[in-house]
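Trainee: For reference, the structure I am asking about is given below.
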Amino acid sequence: MAGAVTAPVSFSDLGLNESLCSVVSALGYTTPTPVQAACIPPLLEGRDLIGLAATGTGKTAAFALPMVTRLEPGENKPGQVQGLVLAPTRELAIQVTEAIKKYGSGRKLSVLTVYGGSDIGAQMKSLRRGVDVVVATPGRALDHIRRKTLDLSRVKMVVLDEADEMLDLGFAEDLEAILSELPAKRQTALFSATLAPRIASLGEKHLTDPVRVRLERPRGDDASKPRIEQRGYVVTFPQKAVALKRVLELDQPESAIIFCRTREDVEGLGQTLERNGHSVATLHGGLSQEQRDRVMKRFKKKDVALLVATDVAARGLDVDHVTHVVNVDLPHTPDTYVHRIGRTGRA
């Protein structure tokens with residue numbers, strides 16, 4: 001398994017064509033991140049790949065740029081796609097879709113996001129018109145497969161993004177069912193924050209002689225400089241709201257995400273903070289996609305300073321102005337904690 005990689009001087013060193021390098025340059029990318037330097041060359045060669053990389057390391061571009069390069073726009077019958085990306089949440093699926101659209105703008109690559117909570121009829125209509133790449137949550141992808149509106153028989157490249165989170169969310173059977181619909185001759189990339197036994201098992205079963213990339217933690221001076229300051233307060237359950245109030249009064253965050261475990265906790269805490277005079281929005285799985293989009297638009301525009309959320313906001317949600325993340329309830333796994341606090345200190 002590869003260790004830490006020194007990024008080359010430019011994206012052209014990785015084998016990307018001149019046109020795509022121009023797109024990347026126009027987007028403001030100058031030097032590849034280590035995960036891009038390690039993953040793009042073997043993916044361009046058509047190799048399968050397992051990438052172990054934390055959130056915020058630039059892994060979306062690491063698989064999206066080769067996908068844009070290797071696919072041929074418009075060579076699909078209705079319902080057929082050439083590229084498939086599976087993601088654990090709607091937010092991450094939307095983020096990946098936006099990235100692929102930007103990278104593939106010069107090639108007129110058509111991309112569709114497919115997830116639950118939105119109009120399946122509209123998705124079916126788009127699939128019938130023909131798309132090159134589908135970015136989907138596993139459950140909704142399987143819905144379309146069963147309805148015969150998504151045909152994976154001509155897929156050239158499939159990516160499992162945040163595979164560990166998909167397994168944590170209970171999508172193991174859905175993933176197996178989806179992967180069984182893919183042609184034997186295809187390229188598969190799997191990205192995960194950790195190589196847990198079940199991730200290793202998934203890779204062994206569905207990938208062929210994969211290149212393995214692990215990004216080591218930085219050493220030396222960089223490793224001694226924490227990018228995120230972490231503090232912990234031990235209080236009893238009834239004292240949590242009072243303790244949070246004091247933290248907010250002391251730190252006066254410009255913009256903060258506050259994580260709770262359940263949607264009921266989110267709504268209750270949101271109401272408490274509003275009564276205390278704070279500008280608050282709430283985000284959880286009980287909201288429709290339209291409502292969630294509206295909440296995120298307000299938060300990104302700084303119309304509200306505090307976002308109280310469940311773990312739907314832990315992945316695929318990047319807001320540059322977030323200064324604080326507060327865990328009112330700790331998550332079940334260390335990996336989820338890392339993804340939560342990764343909403344600040346992004347790479």
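Residue numbering restarts at 1 in every chain; chains get A, B, ... in the order shown in the structure tokens, and ligands count up from 1 in that same order.
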Leaving out range 327-331 of chain A and any residue of its chain fewer than 3 positions from it, which residues lie within 6 Å of it when counting only C-alpha atoms, given as a list in words?
Mentor: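 Selected residues are Ile258, Phe259, Cys260 and Arg261 of chain A.
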Trainee: Can you pull out the residues contacting Ile257 in chain A? Cut-off 7 Å, using only C-alpha atoms, and skip same-chain residues under 5 positions away; I want them as a list in words.
Mentor: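 Here the qualifying residues turn out to be Leu306, Leu307, Val308, His324, Val325 and Val326 of chain A.
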Trainee: Print the selection's residues with C-alpha atoms to a file, as a PDB file, in the first residue's frame.
Mentor:
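As a result, selection-v4.pdb now contains:
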ATOM      1  CA  LEU A 306     -26.047  28.572  13.996  1.00  0.00           C
ATOM      2  CA  LEU A 307     -26.994  25.342  12.233  1.00  0.00           C
ATOM      3  CA  VAL A 308     -28.289  22.601  14.557  1.00  0.00           C
ATOM      4  CA  HIS A 324     -16.953  26.216  15.327  1.00  0.00           C
ATOM      5  CA  VAL A 325     -18.370  22.700  15.490  1.00  0.00           C
ATOM      6  CA  VAL A 326     -20.119  21.688  18.709  1.00  0.00           C
TER       7      VAL A 326
END
Trainee: Step one, run DSSP on the backbone; step two, keep only residues of range 119-341 of chain A assigned to strand (DSSP E or B); then write them as an MDAnalysis selection string.
Mentor: chainID A and resid 133:136 151 157:160 187:192 211:214 256:259 280:283 306:309 324:327
Trainee: Name the residues in contact with range 167-169 of chain A at a cut-off of 10 Å, using only C-alpha atoms, excluding same-chain residues fewer than 5 positions from it; report them as number ranges by chain.
Mentor: A: 88-89, 162, 174-175, 198-199, 332-333, 336
Trainee: For Arg246 in chain A, list every protein, DNA or RNA residue within 12 Å, evaluated using only C-alpha atoms, and leave out those in the same chain fewer than 6 positions away; present the list as a PyMOL selection string.
Mentor: chain A and resi 233+239-240+252-253+273+276
Trainee: CA of Arg263 in chain A and CA of Val85 in chain A, how far apart in Å?
Mentor: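 Those two atoms sit 27.8 Å apart.
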Trainee: Quick one: pull the distance between CA of Glu72 in chain A and CA of Gln123 in chain A, Å, one decimal.
Mentor: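 Result for CA of Glu72 in chain A versus CA of Gln123 in chain A: 21.6 Å, one decimal.
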Trainee: Report as a PyMOL selection string: the residues of range 47-157 of chain A with a DSSP assignment of helix (DSSP H, G or I), based on the backbone of this structure.
Mentor: chain A and resi 59-70+90-103+105-107+120-129+138-146
Trainee: Could you write those residues out with C-alpha atoms, as a short mmCIF file (atom, residue, chain, number, x, y, z; two decimals), in the first residue's frame?
Mentor:
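Done, and the output landed in again_33.cif:
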data_model
loop_
_atom_site.label_atom_id
_atom_site.label_comp_id
_atom_site.auth_asym_id
_atom_site.auth_seq_id
_atom_site.Cartn_x
_atom_site.Cartn_y
_atom_site.Cartn_z
CA LYS A 59 -10.48 12.93 -3.31
CA THR A 60 -13.52 14.01 -5.37
CA ALA A 61 -11.20 15.44 -8.02
CA ALA A 62 -8.99 12.35 -7.63
CA PHE A 63 -11.70 10.14 -9.15
CA ALA A 64 -13.80 12.70 -11.05
CA LEU A 65 -11.00 13.94 -13.30
CA PRO A 66 -10.13 10.42 -14.57
CA MET A 67 -13.85 9.67 -14.98
CA VAL A 68 -14.34 12.77 -17.11
CA THR A 69 -11.30 11.78 -19.20
CA ARG A 70 -12.23 8.14 -19.76
CA ARG A 90 -27.84 13.45 -0.62
CA GLU A 91 -25.56 16.32 0.30
CA LEU A 92 -22.42 14.47 -0.75
CA ALA A 93 -24.11 13.22 -3.95
CA ILE A 94 -25.01 16.80 -4.90
CA GLN A 95 -21.48 18.00 -4.13
CA VAL A 96 -19.92 15.27 -6.29
CA THR A 97 -22.36 16.01 -9.13
CA GLU A 98 -21.42 19.69 -9.11
CA ALA A 99 -17.72 18.77 -9.24
CA ILE A 100 -18.11 16.37 -12.18
CA LYS A 101 -20.18 18.94 -14.08
CA LYS A 102 -17.47 21.56 -13.61
CA TYR A 103 -14.66 19.22 -14.68
CA SER A 105 -18.01 21.14 -18.90
CA GLY A 106 -15.65 21.15 -21.87
CA ARG A 107 -16.69 17.64 -22.92
CA ILE A 120 -38.58 10.02 -8.80
CA GLY A 121 -40.69 10.79 -11.86
CA ALA A 122 -38.44 13.68 -12.83
CA GLN A 123 -35.40 11.45 -12.34
CA MET A 124 -36.94 8.77 -14.57
CA LYS A 125 -37.62 11.38 -17.27
CA SER A 126 -33.99 12.54 -17.17
CA LEU A 127 -32.73 8.95 -17.38
CA ARG A 128 -34.95 8.28 -20.40
CA ARG A 129 -33.44 11.32 -22.14
CA PRO A 138 -27.65 3.43 -2.80
CA GLY A 139 -31.34 3.17 -1.91
CA ARG A 140 -32.60 5.34 -4.75
CA ALA A 141 -30.17 3.78 -7.25
CA LEU A 142 -31.63 0.38 -6.38
CA ASP A 143 -35.16 1.75 -6.80
CA HIS A 144 -34.35 2.77 -10.37
CA ILE A 145 -32.64 -0.54 -11.13
CA ARG A 146 -35.73 -2.45 -9.97
#
Trainee: Could you tell me how far CA of Val319 in chain A lies from CA of Ser279 in chain A, in Å and to one decimal?
Mentor: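 Rounded to one decimal, the two atoms are 16.9 Å apart.
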Trainee: Name the closest residue to Gly83 in chain A among the candidates A:Thr137, A:Asn17, A:Thr188, A:Thr310; distances are taken between atoms, counting only C-alpha atoms.
Mentor: A:Thr188
Trainee: Pick from A:Lys302, A:Thr194, A:Glu264, A:Val155: nearest to Gly286 in chain A, with only C-alpha atoms counted?
Mentor: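 Residue with the minimum atom-to-atom distance to Gly286 in chain A: A:Glu264.
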Trainee: When distances are computed from only C-alpha atoms, which of A:Lys205, A:Arg294, A:Lys245, A:Arg154 shows the smallest separation from His278 in chain A?
Mentor: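 The shortest atom-to-atom distance to His278 in chain A comes from A:Lys245.
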